[in-house]
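Q: Sharing a structure, written as structure tokens. Questions coming.
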Amino acid sequence: MFVMSINIGLSSVLRQFNTRLKLVEGKCMPVAFWAQQKKDYQLLCGLIEMMDRTLAHIIVQSFLSNLYYICVQLLNNLNNMEPWTYSVYFWFSLFYLIGRTIGMCLFGAEIHTESRKPALILRKIPTEGWNVETERFLELINNQCVSLTGNGYFFITRPFLLSLTGTIVTYELVLMQFNESGTLDSPSSDPCE
């Protein structure tokens with residue numbers, strides 16, 4: 001929840017910046033205006049990079065623990081759950097874990113999405129309003145990946161959610177195959193068997 005709230009805060013700051021740029025969409029503005037907007041955007045990127053460095057270990061730990069517990073919960077689903085209370089707890093905790101992971105991915109990906117929106121506004125500038133600063137600003141947006149990362153191992157973007165889902169499905173299929181072959185069954189009482 002802490003990482004999600006930080007993601008919401010950072011994406012709202014970027015959204016405010018985009019709202020300010022939307023006011024001049026399609027208008028010819030002076031070079032000084034675009035130089036100031038580029039400077040403000042760089043300051044926002046610096047804030048996001050600072051938060052990324054600060055939260056890097058927490059983000060990695062959150063994603064790894066969520067991934068681990070989702071796989072464990074799905075593996076436990078393969079075992080027979082006798083009382084209905086175990087089944088209710090299992091489904092509730094599984095959906096909670098999946099929802100928490102999806103929420104963290106989507107709120108984190110919103111930072112990346114909002115950081116790309118100024119490029120759409122810059123592309124709507126009329127030809128007579130185009131100058132060196134707008135070109136530099138557009139190049140900065142296109143060449144810089146602004147998002148939180150897991151200590152540099154992964155970028156939290158929308159495609160990351162799909163790759164995380166693919167990873168979970170792949171691991172579960174492997175675990176199901178091991179379970180069918182009997183290698184994941186409970187250990188017997190005699191270790192020599």
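By convention in this document, the chains of the structure tokens carry letters A, B, ... by their order, each chain's residues are numbered from 1, and ligands are numbered from 1 in the order they are shown.
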How would you write, as a PyMOL selection string, the set of residues in chain A that DSSP gives as alpha helix (DSSP H)?
A: chain A and resi 2-22+31-77+84-122+132-143+158-181
Q: Skipping near chain neighbours, those fewer than 2 positions away, what residues fall within 12 Å of His112 in chain A using only C-alpha atoms, listed as an NGL selection string?
A: :A and (7-8 or 10-12 or 14-15 or 45 or 48 or 105-110 or 114-118 or 141-142 or 144-149 or 155-160)
Q: Would you mind reading off the distance between CA of Thr167 in chain A and CA of Phe95 in chain A, one decimal, in Å?
A: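 Result for CA of Thr167 in chain A versus CA of Phe95 in chain A: 17.4 Å, one decimal.
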Q: Contacts of range 72-76 of chain A at 9 Å or less, counting only C-alpha atoms, minus same-chain residues fewer than 5 places along, as an mmCIF file with N, CA, C and O atoms, in the first residue's frame?
A:
data_model
loop_
_atom_site.group_PDB
_atom_site.id
_atom_site.type_symbol
_atom_site.label_atom_id
_atom_site.label_comp_id
_atom_site.auth_asym_id
_atom_site.auth_seq_id
_atom_site.Cartn_x
_atom_site.Cartn_y
_atom_site.Cartn_z
ATOM 1 N N LEU A 67 4.943 -12.285 -5.859
ATOM 2 C CA LEU A 67 5.109 -13.369 -6.825
ATOM 3 C C LEU A 67 5.245 -14.714 -6.120
ATOM 4 O O LEU A 67 4.609 -15.697 -6.508
ATOM 5 N N MET A 81 -8.515 -29.399 -0.300
ATOM 6 C CA MET A 81 -8.867 -28.627 0.880
ATOM 7 C C MET A 81 -10.189 -29.160 1.408
ATOM 8 O O MET A 81 -11.233 -28.969 0.788
ATOM 9 N N PHE A 90 -8.451 -19.524 1.296
ATOM 10 C CA PHE A 90 -7.563 -19.629 0.139
ATOM 11 C C PHE A 90 -7.972 -18.654 -0.960
ATOM 12 O O PHE A 90 -7.148 -17.899 -1.462
ATOM 13 N N TRP A 91 -9.243 -18.671 -1.347
ATOM 14 C CA TRP A 91 -9.680 -17.809 -2.453
ATOM 15 C C TRP A 91 -9.598 -16.337 -2.081
ATOM 16 O O TRP A 91 -9.221 -15.499 -2.896
ATOM 17 N N SER A 93 -7.489 -14.916 0.115
ATOM 18 C CA SER A 93 -6.095 -14.484 0.148
ATOM 19 C C SER A 93 -5.477 -14.461 -1.248
ATOM 20 O O SER A 93 -4.660 -13.591 -1.556
ATOM 21 N N LEU A 94 -5.863 -15.390 -2.117
ATOM 22 C CA LEU A 94 -5.339 -15.396 -3.477
ATOM 23 C C LEU A 94 -5.798 -14.163 -4.246
ATOM 24 O O LEU A 94 -4.989 -13.480 -4.877
ATOM 25 N N GLU A 172 3.542 -21.840 -12.635
ATOM 26 C CA GLU A 172 2.469 -22.713 -12.169
ATOM 27 C C GLU A 172 2.335 -23.950 -13.053
ATOM 28 O O GLU A 172 2.061 -25.045 -12.558
ATOM 29 N N LEU A 175 5.103 -26.215 -11.941
ATOM 30 C CA LEU A 175 4.787 -26.815 -10.647
ATOM 31 C C LEU A 175 3.688 -27.867 -10.761
ATOM 32 O O LEU A 175 3.721 -28.890 -10.063
ATOM 33 N N MET A 176 2.730 -27.627 -11.629
ATOM 34 C CA MET A 176 1.669 -28.627 -11.840
ATOM 35 C C MET A 176 2.240 -29.896 -12.459
ATOM 36 O O MET A 176 1.839 -31.008 -12.096
ATOM 37 N N ASN A 179 3.957 -31.753 -9.754
ATOM 38 C CA ASN A 179 2.983 -32.325 -8.839
ATOM 39 C C ASN A 179 2.361 -33.584 -9.438
ATOM 40 O O ASN A 179 2.112 -34.550 -8.731
#
Q: List as a tab-separated table every residue of range 29-76 of chain A that is in contact with range 127-136 of chain A, defined as an atom at most 10 Å from one of its atoms (using only C-alpha atoms), together with the nearest atom pair and the distance in Å rounded to one decimal, sorted by chain and then rising number.
A:
residue	atom	partner	partner_atom	distance
A:Met29	CA	A:Gly129	CA	6.3
A:Pro30	CA	A:Gly129	CA	7.7
A:Val31	CA	A:Glu133	CA	6.2
A:Ala32	CA	A:Glu133	CA	8.2
A:Phe33	CA	A:Glu133	CA	9.0
A:Trp34	CA	A:Glu133	CA	5.9
A:Ala35	CA	A:Glu133	CA	5.7
A:Gln36	CA	A:Glu133	CA	9.4
A:Gln37	CA	A:Thr134	CA	9.3
A:Lys38	CA	A:Glu133	CA	7.8
Q: Point out the residue among A:Glu25, A:Glu49, A:Asp40, A:Glu139 with the least atom-to-atom distance to Ile111 in chain A, counting only C-alpha atoms.
A: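 Between A:Glu25, A:Glu49, A:Asp40, A:Glu139, the residue approaching Ile111 in chain A most closely is A:Glu49.
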Q: Go through A:Gly150, A:Pro126, A:Pro83, A:Gly103 one by one, measure the shortest atom-to-atom distance of each to Met1 in chain A using only C-alpha atoms, and give the residue with the smallest value.
A: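 Smallest separation from Met1 in chain A among the options: A:Gly103.
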Q: By how many Å are CA of Leu122 in chain A and CA of Gln42 in chain A apart?
A: 15.7 Å
Q: Interatomic distance between CA of Leu23 in chain A and CA of Lys39 in chain A?
A: 17.8 Å
Q: Have a look at A:Leu140, A:Tyr41, A:Ile6, A:Arg123 and name the one nearest to Ile58 in chain A; count only C-alpha atoms.
A: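 Ranking A:Leu140, A:Tyr41, A:Ile6, A:Arg123 by distance to Ile58 in chain A, first place goes to A:Ile6.
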Q: Tell me which of A:Ser163, A:Tyr171, A:Leu138, A:Val3 sits closest to Leu55 in chain A, counting only C-alpha atoms.
A: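 The closest residue to Leu55 in chain A is A:Val3.
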